[in-house]
Amino acid sequence: MQNILKVRYWLILSLMPALLIYTVIVIVPIFWSSYYGFFSWTGTTDPKFIGLENYIEVIKDPIFWRALKNNLIIVAASVFGQVPVALFLALMLRKISLFQRFVRSAVFLPMVISTVVVGLIWGYIYNPQFGIVNSFLEWIGLESWTKSWLSDPSVNMYAVSVPIIWNYIGPYLIIFIAAMQNIPSEIEEAAKIDGANGLKKLIYVTLPMMWTTIKVAIVLCISGSLKAFDQVFVMTGGGPAQSTELLATYMYNNTFVVYRYGFGSAISTMIIIISLILIVVSQVVMKKRNKKGGKE
Amino acid sequence: MKKCIVFIILFIMMILAACGNDDSTNANQNNNGEENTDSSTVTIWHNFAGDDLRAKTVRDLIEKFDEENEDIQVEAEAIPVDGYRQRISTVAAAQELPDVFFTYAGSFTERFYEGDLIQPITSLINENTEWADSFLPTALEAYQYGENEDIFSAPVGMSSTSYLFYNKSLFDKYQLEVPKTWDDFLDVINTLNEQEVTPLALGNKAPWVAQSTTFGAIADRVTGTEWFMDAVAQEDASFTDPVFIEALEYFKQLVDAGAYPEGANSMDNTQAEQYFLQENAAMMINGSWTISSFGSTVSEDQLNNIGVTVIPSIPEGEGKANTITGGPGGGFVLNSNAEGEVKDAALDLIYALSNDEAQKAIAESDSMVMYDVEIDQDKVSTLYYEAFELVRSVEFAPVYDLHLSSGAGEAINNGLQEIMLDGDVEAVANKLQQAQENAQNEE
C-alpha cells in the first residue's frame, strides 16, 4: 500500500512540470483568448466590451462557414487520403523488403521539408504558365484539361489538398509499420495454422490488431487538418476571393490584416469548439465500431 | 510518506521561485532598459530589410548616425516588408512599440494617432524651416493630425502605384500606339489577344496588387477624387453609388476583354514582373517599386526597351485624366512614450533619416521621394528617370487602401478578385460599403 502510494506521488511529481508548462502556455491562453473574443479591439485603441457580438458575427458570416467547409474538405482528404495510402504502403513494404528502405525514406522525405517549401514547390507545380501539371497534360494531349489550378475556385480546394496529403503520409507510414511489427508472431503463426492467409489474414488478424493505432492516426489526422494553415497560406493565402479560406487563414487575416483582434480571438475559440466536436464525434463513431467488432 | 510531501512542497516552491525569479529578471531588464534609454539608447524598427538599393541606403544612413553620435546608441531592427505591418501592429497591441518606427501614410498611421501611441515631431519642423519647405506639396500634410495640425512624420519616400509599363519592341512589332484613352486601350488589348500575346501582366496573388496598381487609378478617373474622399468619410457618398458601380464595371471590362493572363490570381507580383520581362505580356500596370526590381534583373538594353506612361484617360468619367495614384510614402514616427534624452536622440535620428542629404541618397537609389531634389541623371537608370519626370508632370490620386479602413481595404481587394472570377459587381460594392461603414461607426 505504502509502495503504491509512493509510486503515485512520484507520478504526480514527475508529471507536474510538464503539466504546469502545458497549462500556462496552452490551457490558460485558450481561455484568455475566448475572453478577448468579447471585446472590440483594434490593437491600438482601448478594448471595448461588446458582449457576444463577435461570436454572433462569426456564426453569421458566410465566409466562416465556407472556411469550415474547406477545412472539412482537407479533413476528408487527409483521413481518406493519408491513412489508407500510408496503410497500403505499410502493408506493401512488409512484403517487399528490398525497396523498403528506399520507399520508406522517399515517402518520409516531404515530412522533413519545411511546409513553406512544400507550399512554394507545389505553387510552381500548379503554375498555369510553366507548371509541370499543365505541361504534362499538354504533352499527353489533354490540353482541354489544363487549368489554373490554384485560382479556379471550382478546383483549387482539391488542388491544395494534394500537397497536404503528400506532405504528411510519411509519419503515418512509420506509425503503421511500427504497429505491424508489434503484432506478436505467435498470433500470426496461429493464424497460419488455422488456415488464414492473404486477404483473410489481413482482415481478421492484421487490421484488428492494428485498429487502435489506426484510430489514433485518424484522430491525429483530424486535429492536424483542422490546424492546416501553412501550405495553403503559402500557395494561395486563402484567396482568390477567399475561395480557399480555411479556419486558420480566416482567423489570421481578420486578426493580423484587418486588425480585429477581438473578432480573431472569437474565431479561434470557435475553431477549438469545432475541433473538440469533431474529435468527440469521430471517437464515438469508432467506439461503436469497436463494440460491434467485439461482439462478433 | 512525510518525506514525499515535503519533497513535493519543496518542488512546488522551487517552481514558484523559478517563476518569480523570471519576473524579477524581466523587471530588471526593463529597468536596465530604461536606464539605458536615459543614457540614450534609441530603438528603431523599419522594413528596409531587403537587398535592393533603397533598403541598403537607409540601413547605411542609420549606421552612419549611430557611428557619428557616440552618446547615442541605435538598436535597429529590420523586418521584411511582407510581415512588417503585422509585426508593428502586434507590438502596438502589446504596448511594446520601439522609440522610432517606420509607418505608412494613411489609415495605418491614423490608427497609431488615435491610439495615442505616437507624438508630433513639430519641433523638428519648426527648427528646420528650410528643410520643411523643401518637401513637395501634400507631403507633410499627409502626416498632419489633430486640432493643432501637428505633424507626426516626414515622409522618406513617395508612393506612386500606377504606371503603365509597355514593351516597346512588341508595340512596334504589332504596330500599336501607346493608348491614350480607354477605347484605345481596349483596342490594344484586343489586338494583342488576337496575336496571342497577353495584354497585361498581373500578379494578384496578394490581393492588394490589382487594387493598388490598377483599380485605384481607374476609379479615380471615373468618380473623381472628391467623391472618393467623401465615400471614405461616409459623408454624402456611399460605395453603392452608381458612379462607383461604373468604376467597377470599367475594371470588369478589362477582365472581360481578356486583358489578364490565366491564373493571374495565383501569380505573385515578382512572377508577373518576370512574365512581362520575358515578353509574354506586352504591358504591365505596376508601382514605382517595379522600376528598381526591373533594374536589378535585366540588362540596360532590355530596360531601355520598356516605356512608361500613365493609365489611359476615361473621357466619360468625372475625374481628371492625367493622374497617378500615390502620394507621400512612408516615414518615421516617434513613440509617445519617448521622453527626455531619448526623445531628443530619436528626433535627431528621424531628422538624419529624412533630411536633405538622406532624401538625395534615397532618390539616387532608384526610388522616388516627396522632396525637392535634383538627381544626377547618370546615377540612375533611364527608366527610373523617365518615371521620375513623368510623376512630376502629373497629379496624384488617392491610393485606395491607404485611405480606406483596413477592413474595407480587405473587402475591395477580395472583391476585385471576385470580379476577376466573374463575380457580381454590385455585391462587391455592397461589401465594401458595409466594411467602411462599420469602421466609421466604430470610431
# chains A, B, ... in the order shown; residues from 1 in each chain; ligands from 1

$ residues_around --residues "range 108-111 of chain A" --least-positions-apart "3" --cutoff "7 Å" --atoms "only C-alpha atoms" --output "list in words"
Arg104, Ser105, Asn167, Tyr168, Gly170 and Pro171 of chain A

$ closest_atom_pairs --of "chain A" --to "chain B" --cutoff "9 Å" --atoms "only C-alpha atoms" --output "JSON lines"
{"residue": "A:Gln2", "atom": "CA", "partner": "B:Met1", "partner_atom": "CA", "distance": 7.8}
{"residue": "A:Leu5", "atom": "CA", "partner": "B:Met1", "partner_atom": "CA", "distance": 8.4}
{"residue": "A:Lys6", "atom": "CA", "partner": "B:Met1", "partner_atom": "CA", "distance": 7.1}
{"residue": "A:Tyr9", "atom": "CA", "partner": "B:Cys4", "partner_atom": "CA", "distance": 7.3}
{"residue": "A:Trp10", "atom": "CA", "partner": "B:Cys4", "partner_atom": "CA", "distance": 8.3}
{"residue": "A:Leu13", "atom": "CA", "partner": "B:Ile8", "partner_atom": "CA", "distance": 6.7}
{"residue": "A:Met16", "atom": "CA", "partner": "B:Ile12", "partner_atom": "CA", "distance": 8.7}
{"residue": "A:Pro17", "atom": "CA", "partner": "B:Ile15", "partner_atom": "CA", "distance": 8.1}
{"residue": "A:Ser40", "atom": "CA", "partner": "B:Glu442", "partner_atom": "CA", "distance": 8.7}
{"residue": "A:Trp41", "atom": "CA", "partner": "B:Ala93", "partner_atom": "CA", "distance": 8.9}
{"residue": "A:Thr42", "atom": "CA", "partner": "B:Ala93", "partner_atom": "CA", "distance": 7.8}
{"residue": "A:Gly43", "atom": "CA", "partner": "B:Ala93", "partner_atom": "CA", "distance": 4.1}
{"residue": "A:Thr44", "atom": "CA", "partner": "B:Gly115", "partner_atom": "CA", "distance": 4.8}
{"residue": "A:Thr45", "atom": "CA", "partner": "B:Gly115", "partner_atom": "CA", "distance": 4.3}
{"residue": "A:Asp46", "atom": "CA", "partner": "B:Gly115", "partner_atom": "CA", "distance": 7.4}
{"residue": "A:Gly123", "atom": "CA", "partner": "B:Ser266", "partner_atom": "CA", "distance": 8.3}
{"residue": "A:Asn127", "atom": "CA", "partner": "B:Met267", "partner_atom": "CA", "distance": 7.6}
{"residue": "A:Pro128", "atom": "CA", "partner": "B:Gly263", "partner_atom": "CA", "distance": 5.9}
{"residue": "A:Gln129", "atom": "CA", "partner": "B:Glu262", "partner_atom": "CA", "distance": 7.9}
{"residue": "A:Lys147", "atom": "CA", "partner": "B:Gly263", "partner_atom": "CA", "distance": 8.3}
{"residue": "A:Ser148", "atom": "CA", "partner": "B:Gly263", "partner_atom": "CA", "distance": 5.0}
{"residue": "A:Trp149", "atom": "CA", "partner": "B:Gly263", "partner_atom": "CA", "distance": 7.9}
{"residue": "A:Leu150", "atom": "CA", "partner": "B:Ser266", "partner_atom": "CA", "distance": 5.9}
{"residue": "A:Ser151", "atom": "CA", "partner": "B:Ser266", "partner_atom": "CA", "distance": 5.4}
{"residue": "A:Asp152", "atom": "CA", "partner": "B:Gly263", "partner_atom": "CA", "distance": 7.6}
{"residue": "A:Pro153", "atom": "CA", "partner": "B:Leu421", "partner_atom": "CA", "distance": 8.1}
{"residue": "A:Met235", "atom": "CA", "partner": "B:Ser266", "partner_atom": "CA", "distance": 7.8}
{"residue": "A:Thr236", "atom": "CA", "partner": "B:Ser266", "partner_atom": "CA", "distance": 6.4}
{"residue": "A:Gly237", "atom": "CA", "partner": "B:Ala206", "partner_atom": "CA", "distance": 7.4}
{"residue": "A:Gly239", "atom": "CA", "partner": "B:Lys205", "partner_atom": "CA", "distance": 7.2}
{"residue": "A:Pro240", "atom": "CA", "partner": "B:Gln417", "partner_atom": "CA", "distance": 5.8}
{"residue": "A:Ala241", "atom": "CA", "partner": "B:Asn414", "partner_atom": "CA", "distance": 4.6}
{"residue": "A:Gln242", "atom": "CA", "partner": "B:Asn414", "partner_atom": "CA", "distance": 6.9}
{"residue": "A:Asn253", "atom": "CA", "partner": "B:Glu410", "partner_atom": "CA", "distance": 8.9}
{"residue": "A:Asn254", "atom": "CA", "partner": "B:Gly407", "partner_atom": "CA", "distance": 8.3}
{"residue": "A:Phe256", "atom": "CA", "partner": "B:Gln86", "partner_atom": "CA", "distance": 5.5}
{"residue": "A:Val257", "atom": "CA", "partner": "B:Gln86", "partner_atom": "CA", "distance": 6.9}
{"residue": "A:Val258", "atom": "CA", "partner": "B:Ser406", "partner_atom": "CA", "distance": 4.9}
{"residue": "A:Tyr259", "atom": "CA", "partner": "B:Ser406", "partner_atom": "CA", "distance": 7.2}
{"residue": "A:Arg260", "atom": "CA", "partner": "B:Gly407", "partner_atom": "CA", "distance": 8.6}
{"residue": "A:Tyr261", "atom": "CA", "partner": "B:Ala93", "partner_atom": "CA", "distance": 8.8}

$ residues_around --residues "range 49-51 of chain A" --least-positions-apart "2" --cutoff "9 Å" --atoms "only C-alpha atoms" --output "number ranges by chain"
A: 36-41, 47, 53-55

$ write_last_selection --atoms "N, CA and C atoms" --output "mmCIF file, in the first residue's frame"
data_model
loop_
_atom_site.group_PDB
_atom_site.id
_atom_site.type_symbol
_atom_site.label_atom_id
_atom_site.label_comp_id
_atom_site.auth_asym_id
_atom_site.auth_seq_id
_atom_site.Cartn_x
_atom_site.Cartn_y
_atom_site.Cartn_z
ATOM 1 N N TYR A 36 -10.904 37.544 -24.752
ATOM 2 C CA TYR A 36 -10.680 38.658 -25.692
ATOM 3 C C TYR A 36 -11.786 38.727 -26.739
ATOM 4 N N GLY A 37 -12.385 37.561 -27.028
ATOM 5 C CA GLY A 37 -13.442 37.495 -28.031
ATOM 6 C C GLY A 37 -14.645 38.358 -27.683
ATOM 7 N N PHE A 38 -14.739 38.785 -26.417
ATOM 8 C CA PHE A 38 -15.878 39.623 -26.016
ATOM 9 C C PHE A 38 -15.615 41.106 -26.258
ATOM 10 N N PHE A 39 -14.448 41.428 -26.847
ATOM 11 C CA PHE A 39 -14.094 42.833 -26.998
ATOM 12 C C PHE A 39 -13.975 43.244 -28.456
ATOM 13 N N SER A 40 -14.223 44.511 -28.681
ATOM 14 C CA SER A 40 -13.877 45.079 -29.973
ATOM 15 C C SER A 40 -12.535 45.758 -29.770
ATOM 16 N N TRP A 41 -11.511 45.242 -30.418
ATOM 17 C CA TRP A 41 -10.165 45.715 -30.108
ATOM 18 C C TRP A 41 -9.334 45.789 -31.378
ATOM 19 N N PRO A 47 -9.539 48.319 -25.672
ATOM 20 C CA PRO A 47 -10.583 47.356 -25.995
ATOM 21 C C PRO A 47 -11.934 47.799 -25.432
ATOM 22 N N GLU A 53 -21.244 39.901 -29.346
ATOM 23 C CA GLU A 53 -21.362 40.372 -30.723
ATOM 24 C C GLU A 53 -20.401 39.694 -31.694
ATOM 25 N N ASN A 54 -19.119 39.583 -31.276
ATOM 26 C CA ASN A 54 -18.136 38.951 -32.154
ATOM 27 C C ASN A 54 -18.527 37.523 -32.485
ATOM 28 N N TYR A 55 -18.941 36.790 -31.455
ATOM 29 C CA TYR A 55 -19.288 35.387 -31.669
ATOM 30 C C TYR A 55 -20.479 35.270 -32.610
#

$ residues_around --residues "range 175-185 of chain A" --least-positions-apart "3" --cutoff "8 Å" --atoms "only C-alpha atoms" --output "JSON list (two decimals) with N, CA and C atoms, in the first residue's frame"
[["chain", "number", "residue", "atom", "x", "y", "z"],
["A", 86, "ALA", "N", -1.07, 5.40, -46.51],
["A", 86, "ALA", "CA", 0.00, 5.01, -45.60],
["A", 86, "ALA", "C", -0.15, 3.54, -45.22],
["A", 87, "LEU", "N", -1.40, 3.11, -44.97],
["A", 87, "LEU", "CA", -1.66, 1.72, -44.59],
["A", 87, "LEU", "C", -1.26, 0.77, -45.73],
["A", 90, "ALA", "N", 2.41, 0.60, -46.02],
["A", 90, "ALA", "CA", 2.99, -0.17, -44.93],
["A", 90, "ALA", "C", 2.84, -1.67, -45.20],
["A", 91, "LEU", "N", 1.66, -2.06, -45.67],
["A", 91, "LEU", "CA", 1.43, -3.47, -45.98],
["A", 91, "LEU", "C", 2.34, -3.94, -47.10],
["A", 94, "ARG", "N", 5.97, -4.44, -46.10],
["A", 94, "ARG", "CA", 6.29, -5.62, -45.33],
["A", 94, "ARG", "C", 6.58, -6.80, -46.25],
["A", 171, "PRO", "N", 4.77, 10.19, -41.67],
["A", 171, "PRO", "CA", 4.66, 9.79, -40.27],
["A", 171, "PRO", "C", 3.66, 8.66, -40.05],
["A", 172, "TYR", "N", 2.54, 8.68, -40.81],
["A", 172, "TYR", "CA", 1.56, 7.60, -40.62],
["A", 172, "TYR", "C", 2.15, 6.28, -41.07],
["A", 188, "GLU", "N", 0.35, -14.54, -35.54],
["A", 188, "GLU", "CA", 0.46, -14.77, -36.98],
["A", 188, "GLU", "C", 0.62, -16.26, -37.28],
["A", 189, "GLU", "N", 1.43, -16.89, -36.47],
["A", 189, "GLU", "CA", 1.64, -18.32, -36.70],
["A", 189, "GLU", "C", 0.35, -19.09, -36.47],
["A", 206, "THR", "N", -4.45, -8.96, -39.03],
["A", 206, "THR", "CA", -3.56, -7.79, -39.03],
["A", 206, "THR", "C", -4.32, -6.51, -38.71],
["A", 209, "MET", "N", -5.64, -6.15, -35.15],
["A", 209, "MET", "CA", -4.55, -5.95, -34.22],
["A", 209, "MET", "C", -4.02, -4.51, -34.28],
["A", 210, "MET", "N", -4.21, -3.88, -35.44],
["A", 210, "MET", "CA", -3.69, -2.51, -35.61],
["A", 210, "MET", "C", -4.75, -1.45, -35.34],
["A", 213, "THR", "N", -4.12, 1.63, -33.27],
["A", 213, "THR", "CA", -3.17, 2.54, -33.91],
["A", 213, "THR", "C", -3.84, 3.35, -35.01],
["A", 214, "ILE", "N", -4.67, 2.66, -35.80],
["A", 214, "ILE", "CA", -5.36, 3.37, -36.89],
["A", 214, "ILE", "C", -6.25, 4.45, -36.32]]

$ residues_around --residues "Met229 in chain B" --least-positions-apart "3" --cutoff "10 Å" --atoms "only C-alpha atoms" --output "VMD selection string"
chain B and resid 224 to 226 232 to 235 237 398 400 403 to 404

$ residues_around --residues "Ile59 in chain A" --least-positions-apart "6" --cutoff "12 Å" --atoms "only C-alpha atoms" --output "PyMOL selection string"
chain A and resi 52-53+65-68+263+266-267+269-271+274

$ residues_around --residues "Ile121 in chain A" --least-positions-apart "6" --cutoff "10 Å" --atoms "only C-alpha atoms" --output "list in words"
Thr115, Asn127, Gly131, Pro163, Gln231, Val234 and Met235 of chain A

$ select_by_dssp --residues "range 4-199 of chain A" --states "helix (DSSP H, G or I)" --output "PyMOL selection string"
chain A and resi 4-36+53-60+62-95+100-112+115-125+132-139+143-145+156-181+185-193+199

$ closest_atom_pairs --of "range 58-127 of chain B" --to "range 150-162 of chain B" --cutoff "9 Å" --atoms "only C-alpha atoms" --output "JSON lines"
{"residue": "B:Thr103", "atom": "CA", "partner": "B:Ser153", "partner_atom": "CA", "distance": 8.8}
{"residue": "B:Tyr104", "atom": "CA", "partner": "B:Pro155", "partner_atom": "CA", "distance": 8.8}
{"residue": "B:Ala105", "atom": "CA", "partner": "B:Pro155", "partner_atom": "CA", "distance": 8.2}
{"residue": "B:Tyr113", "atom": "CA", "partner": "B:Phe152", "partner_atom": "CA", "distance": 8.7}
{"residue": "B:Ile118", "atom": "CA", "partner": "B:Phe152", "partner_atom": "CA", "distance": 7.5}
{"residue": "B:Gln119", "atom": "CA", "partner": "B:Phe152", "partner_atom": "CA", "distance": 6.3}
{"residue": "B:Pro120", "atom": "CA", "partner": "B:Phe152", "partner_atom": "CA", "distance": 4.2}
{"residue": "B:Ile121", "atom": "CA", "partner": "B:Phe152", "partner_atom": "CA", "distance": 5.2}
{"residue": "B:Thr122", "atom": "CA", "partner": "B:Ile151", "partner_atom": "CA", "distance": 5.6}
{"residue": "B:Ile125", "atom": "CA", "partner": "B:Ile151", "partner_atom": "CA", "distance": 8.0}

$ write_last_selection --atoms "N, CA and C atoms" --output "short mmCIF file (atom, residue, chain, number, x, y, z; two decimals), in the first residue's frame"
data_model
loop_
_atom_site.label_atom_id
_atom_site.label_comp_id
_atom_site.auth_asym_id
_atom_site.auth_seq_id
_atom_site.Cartn_x
_atom_site.Cartn_y
_atom_site.Cartn_z
N THR B 103 6.44 53.91 -40.71
CA THR B 103 5.00 53.71 -40.88
C THR B 103 4.59 54.10 -42.29
N TYR B 104 3.39 53.69 -42.68
CA TYR B 104 2.87 54.06 -43.99
C TYR B 104 1.86 55.19 -43.83
N ALA B 105 1.79 56.05 -44.80
CA ALA B 105 0.84 57.16 -44.73
C ALA B 105 -0.58 56.61 -44.78
N TYR B 113 -2.19 57.27 -34.24
CA TYR B 113 -2.56 58.58 -33.72
C TYR B 113 -3.78 58.45 -32.82
N ILE B 118 1.73 57.70 -30.80
CA ILE B 118 2.83 58.46 -31.39
C ILE B 118 2.71 59.92 -30.98
N GLN B 119 3.82 60.64 -31.04
CA GLN B 119 3.78 62.06 -30.71
C GLN B 119 4.32 62.90 -31.87
N PRO B 120 3.90 64.17 -31.94
CA PRO B 120 4.30 65.00 -33.07
C PRO B 120 5.80 65.28 -33.09
N ILE B 121 6.30 65.58 -34.28
CA ILE B 121 7.70 65.97 -34.40
C ILE B 121 7.77 67.44 -34.78
N THR B 122 6.80 68.21 -34.29
CA THR B 122 6.68 69.61 -34.67
C THR B 122 7.97 70.40 -34.42
N ILE B 125 10.23 70.37 -37.32
CA ILE B 125 9.74 71.18 -38.42
C ILE B 125 10.04 72.66 -38.15
#

$ atom_distance --atom1 "CA of Phe396 in chain B" --atom2 "CA of Phe215 in chain B"
14.4 Å

$ atom_distance --atom1 "CA of Leu173 in chain A" --atom2 "CA of Trp211 in chain A"
14.4 Å
